[in-house]
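Right, one structure below, let's go through it.
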Amino acid sequence: MRRHLLSIDDLRREDIERILRLAESFAEVAGREIKKVPTLRGRTVINLFYEASTRTSSSFGIAAKRLSADVENVTAQGSSVDKGESLKDTVQTLSAYDPAAIVFRSPHAGAAALVARWTSAAVINAGDGKHEHPTQALLDLYTLRRRAGPLEGRKVWIVGDVLHSRVARSNILAFGRMGCQVTVCGPPTLIPRGVESLGCEVRYSLDDLGEADVVYALRMQHERMKGSFVPSLREYAACYQIDGRRLGSHQLLMHPGPVNRGVELAAEVIDSPQALITQQVESGVVVRMAVLYDLLAGGPAGPGGGHGARLSGEHSGEAPEPQPA
Amino acid sequence: MSDLLLDPRLDRADARPVTVLVRSAHVLDPRAGLDGPADLLLRAGRVAAIGAPGSLGAPEGAEVVDAEGLHAFPAFVDPHVHLRTPGREDEEDVATGTRAAAAGGYCAILAMPNTDPVVDSPSVLGSLRERARVEARIPTGFTAAITVGERGESLTEMAELADAGAVAFTDDGLPVRSAGVMRQALQYQRLAGRALALHEEDPSLSRDGVMHEGNVSALLGVAGIPSVSESSMVARDTHLAAYEDGQIHVQHVSARETVEVIERAKAAGTRITAEASPHHLLLSEEDVRGLDTNRKMNPPLRSEADRQAIVEGLRCGVLDCVATDHAPHSREEKEEPFELAPMGVTGLETAFAAIHTELVVPGVIDLGLLVERLTAGGEPFGIGIPMIAKGQPANVCLVDLASEWEAGEAGYESRSANCAFDGRRLVGRVRMTVAAGVVAYRERSFAIASVA
């Protein structure tokens with residue numbers, strides 16, 4: 001049966017554990033000189049991006065290529081989307097090439113789930129509006145676990161513009177699934193009403209930041225000034241910037257990138273040994289390899305059938321031993 | 001209250017009134033004090049006789065309907081329908097919209113003016129009325145805009161529009177943003193003499209919201225429309241209406257706070273009425289979790305507490321009537337991501353069955369109360385309430401309360417299929433509707449017993 005990765009909300013803790021174990025086995029491949037395994041040879045992965053992206057699309061592309069898949073990148077700019085083609089028609093056109101997976105990013109919530117209805121490929125949500133960015137959350141879990149060990153009981157503070165952040169939503173759910181205690185903190189205008197129902201606490205000041213084991217800062221987008229969500233970036237930085245004074249030596253720092261230096265993060269913490277920001281980017285490739293493997297090759301594989309992947313369904317077996325090409 | 005047969009503001013295509021003998025239906029009309037088996041003779045557009053089952057003879061040429069096992073209700077009135085004409089006849093037109101209404105048991109509807117062009121001048125209104133006199137299957141009234149182009153800036157020629165037959169004034173789809181303009185409309189109401197039907201929303205609070213602001217919008221990362229965007233505007237307008245002694249009708253109430261504001265205003269003697277839609281009575285934000293665009297409308301589906309407050313408001317009469325806000329949209333427009341899809345759902349053909357299934361069958365409200373609220377839609381606008389009583393206009397629907405069906409399974413009479421209840425199992429099916437003495441709808445399989 002065909003499976004998708006649309007939302008962290010669809011995953012159980014054991015699904016997440018399985019993907020993280022797979023990623024660890026792929027990390028071993030990444031350490032080799034030839035970083036390629038033949039798992040997806042002859043299969044096609046389409047990156048369909050309706051929003052500009054550098055790190056997510058390149059990371060998925062590299063991950064698919066290291067699994068020996070053929071990768072096709074399609075962006076909205078300069079394509080038939082610009083000519084007014086509907087999402088449904090675009091997806092059905094691309095599906096005619098019989099891709100094994102479509103990695104999809106859209107500025108609209110729920111768009112990846114719609115695509116999943118219109119194609120026979122496995123769909124991976126690479127960000128849908130302000131809803132979710134599940135592979136970002138998975139790579140964040142992976143990165144943190146590698147650095148700090150088991151996640152159970154860790155206190156994670158997610159700081160910044162939670163309202164407009166798909167990373168925040170996926171991470172609240174993902175850290176929560178793994179047994180962390182999640183707190184969100186930011187200006188009251190940028191904390192969505194009802195966010196506690198996702199399983200987190202809400203604070204409006206950084207006064208108690210010292211209780212956090214991990215500080216996860218979000219990108220503060222300049223366009224938020226237009227909606228007068230914050231009076232000024234200067235005041236925002238004064239209240240919410242993570243700097244050397246606020247970040248204790250026992251605390252780890254994460255950020256999904258790209259960073260606005262001097263806004264949400266001060267330069268001294270970005271370059272500090274507590275920052276995991278570069279490791280997060282590195283982890284992106286192996287975690288996305290793991291997701292592709294789990295969806296496309298994790299089951300009883302075979303040509304024509306066996307698109308057996310089990311991100312949200314039944315599962316079996318342990319992490320594979322990837323074979324060098 | 002006007003006589004539904006004679007109200008000069010209502011239009012429909014010419015058709016000869018039929019003579020119908022309805023035999024042995026369970027006639028239920030709480031206003032007329034009827035609740036039991038009876039024969040009904042409909043003739044020359046009116047209820048000619050009501051008698052014990054089997055007691056009435058069929059006049060020559062009369063159609064005899066064997067209604068044993070069926071209920072006969074006074075047919076319903078919907079004060080809130082989008083016929084999409086002129087401008088979007090690909091989504092609905094006067095013929096398909098009124099056919100859908102008749103299939104839902106309705107004998108009269110009011111059409112909203114947010115068309116392209118907007119109904120804001122006597123000429124647009126006049127051409128629509130002409131069209132209705134050719135195409136409308138049931139009596140149809142047209143509303144006109146409060147402000148030119150529904151832009152909220154300057155009043156339409158309300159007096160002339162009223163003379164040209166506008167049943168009411170409304171900027172439905174949009175609020176009248178400015179309190180000053182709303183006050184002027186209430187002042188002008190003294191001259192134009194028509195109710196103002198209000199879409200209540202403060203755009204500075206609803207902003208780019210597409211669903212209720214609450215737990216589900218927080219989870220989905222979709223911009224929310226807070227309840228106060230509605231209730232604060234209703235509070236404003238109840239104050240203005242009281243100050244100018246105007247009459248207002250609040251459309252599609254969605255929030256608990258709004259029900260409370262209306263209840264207080266009524267208690268204070270303000271001339272205010274309000275409507276509830278089937279979707280706000282039966283669905284909540286939980287039903288939007290899957291981002292189904294057929295659950296996207298404005299105002300949005302709110303929390304379970306809001307839903308319950310609306311049910312209670314309808315039950316106790318703070319909300320006067322059920323209105324569908326039937327809003328057809330094309331398939332391609334609704335096959336877009338939730339945030340891009342247009343707001344609005346259809347509801348004429350499922351209103352009775354959906355409320356019957358979800359509220360009457362489980363015992364939340366009485367069948368008689370539902371019939372009262374479904375027939376009361378014209379009252380705020382001076383349009384008569386259908387009644388099953390001798391001499392009253394013949395407005396009757398025959399309903400099989402035991403019939404189970406799936407919404408949309410056999411398609412819709414409406415040109416659009418964006419029904420909020422699409423795919424749901426419903427109990428209760430309209431078999432036949434007589435509107436102003438004319439058979440406006442008859443289910444295909446529902447045969448005439450005989451012709452005398």
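Every chain in the structure tokens takes a letter, A first, then B, and so on in the order presented; its residues are numbered from 1, and the ligands are numbered from 1 following the presented order.
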
Please report, as JSON lines, each residue of chain B lying at most 10 Å from chain A, together with the nearest pair of atoms and the separation in Å rounded to one decimal; use only C-alpha atoms, and order rows by chain and ascending residue number.
```
{"residue": "B:Arg207", "atom": "CA", "partner": "A:Gly227", "partner_atom": "CA", "distance": 9.8}
{"residue": "B:Glu213", "atom": "CA", "partner": "A:Arg193", "partner_atom": "CA", "distance": 7.0}
{"residue": "B:Gly214", "atom": "CA", "partner": "A:Gly194", "partner_atom": "CA", "distance": 5.3}
{"residue": "B:Asn215", "atom": "CA", "partner": "A:Gly194", "partner_atom": "CA", "distance": 4.5}
{"residue": "B:Val216", "atom": "CA", "partner": "A:Gly194", "partner_atom": "CA", "distance": 7.9}
{"residue": "B:Ser217", "atom": "CA", "partner": "A:Gly194", "partner_atom": "CA", "distance": 8.0}
{"residue": "B:Ala218", "atom": "CA", "partner": "A:Val195", "partner_atom": "CA", "distance": 5.3}
{"residue": "B:Leu219", "atom": "CA", "partner": "A:Leu198", "partner_atom": "CA", "distance": 6.5}
{"residue": "B:Leu220", "atom": "CA", "partner": "A:His131", "partner_atom": "CA", "distance": 4.9}
{"residue": "B:Gly221", "atom": "CA", "partner": "A:His131", "partner_atom": "CA", "distance": 4.3}
{"residue": "B:Val222", "atom": "CA", "partner": "A:Lys130", "partner_atom": "CA", "distance": 6.6}
{"residue": "B:Ala223", "atom": "CA", "partner": "A:Leu163", "partner_atom": "CA", "distance": 8.7}
{"residue": "B:Gly224", "atom": "CA", "partner": "A:Arg193", "partner_atom": "CA", "distance": 8.9}
{"residue": "B:Pro226", "atom": "CA", "partner": "A:Arg193", "partner_atom": "CA", "distance": 9.4}
{"residue": "B:Arg289", "atom": "CA", "partner": "A:Gly110", "partner_atom": "CA", "distance": 9.6}
{"residue": "B:Gly290", "atom": "CA", "partner": "A:Gly110", "partner_atom": "CA", "distance": 7.9}
{"residue": "B:Leu291", "atom": "CA", "partner": "A:Gly110", "partner_atom": "CA", "distance": 6.5}
{"residue": "B:Asp292", "atom": "CA", "partner": "A:Gly110", "partner_atom": "CA", "distance": 9.2}
{"residue": "B:Glu332", "atom": "CA", "partner": "A:Ser86", "partner_atom": "CA", "distance": 8.4}
{"residue": "B:Glu333", "atom": "CA", "partner": "A:Ser86", "partner_atom": "CA", "distance": 9.6}
{"residue": "B:Glu335", "atom": "CA", "partner": "A:Lys88", "partner_atom": "CA", "distance": 7.6}
{"residue": "B:Glu336", "atom": "CA", "partner": "A:Leu87", "partner_atom": "CA", "distance": 7.2}
{"residue": "B:Pro337", "atom": "CA", "partner": "A:Ala111", "partner_atom": "CA", "distance": 5.3}
{"residue": "B:Phe338", "atom": "CA", "partner": "A:Gly110", "partner_atom": "CA", "distance": 7.0}
{"residue": "B:Glu339", "atom": "CA", "partner": "A:His108", "partner_atom": "CA", "distance": 6.2}
{"residue": "B:Leu340", "atom": "CA", "partner": "A:His108", "partner_atom": "CA", "distance": 7.8}
```

### Task
Within 8 Å of Val182 of chain A, counting only C-alpha atoms, which residues show up once you throw out same-chain ones fewer than 4 positions away? Write them as a PyMOL selection string, please.
chain A and resi 155-158+172+175-176+199-201

For the residues selected in the previous step, produce a file with C-alpha atoms as a PDB file, in the first residue's frame.
```
ATOM      1  CA  LYS A 155      13.073  20.779  28.027  1.00  0.00           C
ATOM      2  CA  VAL A 156      12.831  22.498  24.659  1.00  0.00           C
ATOM      3  CA  TRP A 157      11.982  26.171  24.226  1.00  0.00           C
ATOM      4  CA  ILE A 158      10.842  27.229  20.763  1.00  0.00           C
ATOM      5  CA  ILE A 172       6.049  21.027  18.885  1.00  0.00           C
ATOM      6  CA  PHE A 175       9.491  16.874  20.368  1.00  0.00           C
ATOM      7  CA  GLY A 176       6.276  16.104  22.206  1.00  0.00           C
ATOM      8  CA  GLY A 199       0.806  19.972  23.844  1.00  0.00           C
ATOM      9  CA  CYS A 200       3.079  22.853  24.830  1.00  0.00           C
ATOM     10  CA  GLU A 201       3.283  25.627  27.370  1.00  0.00           C
TER      11      GLU A 201
END
```

### Task
Run DSSP on the backbone and grab whatever in segment 1-179 of chain A lands in strand (DSSP E or B); send it over as a PyMOL selection string.
chain A and resi 5+44-49+70-75+101-106+122-128+132+155-159

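Residue neighbourhood of Ala238 of chain A, excluding near-sequence residues (fewer than 5 positions): A:Ser232, A:Leu233, A:Asp243, A:Val263, A:Glu264, at 10 Å, using only C-alpha atoms.
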
### Task
Using only C-alpha atoms, pick whichever of A:Lys83, A:His4, A:Arg234, A:Arg219 has the shortest atom-to-atom distance to Ala121 of chain A.
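Among A:Lys83, A:His4, A:Arg234, A:Arg219, it is A:His4 that comes nearest to Ala121 of chain A.
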
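Taking only C-alpha atoms into account, Leu296 of chain A lies nearest to A:Ala69 out of the set A:Gly149, A:Lys35, A:Arg117, A:Ala69.
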
### Message
What parts of segment 166-357 of chain B does DSSP call helix (DSSP H, G or I)? I'd like the answer as a ChimeraX atom specification.
### Response
/B:179-192,203-206,215-220,228-244,256-267,278-282,285-288,293-295,304-316,331-334,351-357

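The list of residues with at least one atom within 8 Å of segment 119-125 of chain B, based on only C-alpha atoms and without residues fewer than 3 positions apart in the same chain, reads Pro113, Asn114, Thr115, Leu128, Arg129, Phe142, Thr143, Ala144, Ala145, Ile146, Thr147, Val148, Gly149, Thr156, Glu157, Glu160, Leu161, Ala164, Gly165 and Ala166 of chain B.
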
Show me, as a PDB file with N, CA and C atoms, in the first residue's frame, the residues that have an atom within 9 Å of Glu244 of chain B when counting only C-alpha atoms, minus same-chain residues fewer than 2 positions from it.
```pdb
ATOM      1  N   ARG B 183     -25.244  53.694   9.992  1.00  0.00           N
ATOM      2  CA  ARG B 183     -26.242  54.581  10.593  1.00  0.00           C
ATOM      3  C   ARG B 183     -27.092  55.252   9.511  1.00  0.00           C
ATOM      4  N   LEU B 186     -29.666  52.914   8.233  1.00  0.00           N
ATOM      5  CA  LEU B 186     -30.783  52.763   9.185  1.00  0.00           C
ATOM      6  C   LEU B 186     -31.702  53.983   9.134  1.00  0.00           C
ATOM      7  N   GLN B 187     -31.119  55.155   8.937  1.00  0.00           N
ATOM      8  CA  GLN B 187     -31.951  56.356   8.805  1.00  0.00           C
ATOM      9  C   GLN B 187     -32.790  56.281   7.531  1.00  0.00           C
ATOM     10  N   HIS B 239     -26.648  48.478  18.714  1.00  0.00           N
ATOM     11  CA  HIS B 239     -26.687  49.820  19.303  1.00  0.00           C
ATOM     12  C   HIS B 239     -27.197  50.840  18.292  1.00  0.00           C
ATOM     13  N   LEU B 240     -26.688  50.739  17.063  1.00  0.00           N
ATOM     14  CA  LEU B 240     -27.124  51.689  16.036  1.00  0.00           C
ATOM     15  C   LEU B 240     -28.605  51.511  15.723  1.00  0.00           C
ATOM     16  N   ALA B 241     -29.049  50.251  15.626  1.00  0.00           N
ATOM     17  CA  ALA B 241     -30.450  50.000  15.307  1.00  0.00           C
ATOM     18  C   ALA B 241     -31.347  50.530  16.422  1.00  0.00           C
ATOM     19  N   ALA B 242     -30.929  50.337  17.651  1.00  0.00           N
ATOM     20  CA  ALA B 242     -31.734  50.843  18.768  1.00  0.00           C
ATOM     21  C   ALA B 242     -31.785  52.363  18.729  1.00  0.00           C
ATOM     22  N   GLY B 246     -34.231  51.314  14.072  1.00  0.00           N
ATOM     23  CA  GLY B 246     -34.260  50.582  12.801  1.00  0.00           C
ATOM     24  C   GLY B 246     -34.524  49.110  13.029  1.00  0.00           C
ATOM     25  N   GLN B 247     -34.703  48.395  11.899  1.00  0.00           N
ATOM     26  CA  GLN B 247     -34.924  46.944  11.971  1.00  0.00           C
ATOM     27  C   GLN B 247     -33.786  46.241  11.260  1.00  0.00           C
TER      28      GLN B 247
END
```

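Using only C-alpha atoms for every distance, the candidate list B:His279, B:Arg9, B:Arg16, B:His356 yields B:His279 as the residue closest to Arg295 of chain B.
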
### Task
May I have the residues within 12 Å of Arg147 of chain A as a PyMOL selection string, using only C-alpha atoms and disregarding those fewer than 3 positions away in the same chain?
chain A and resi 140-144+150-151+214+251-254+273-277+279-280+283

### Query
So which residues touch Asp14 of chain B within 9 Å, counting only C-alpha atoms, skipping near sequence neighbours fewer than 6 positions away, as a PyMOL selection string?
chain B and resi 133-137
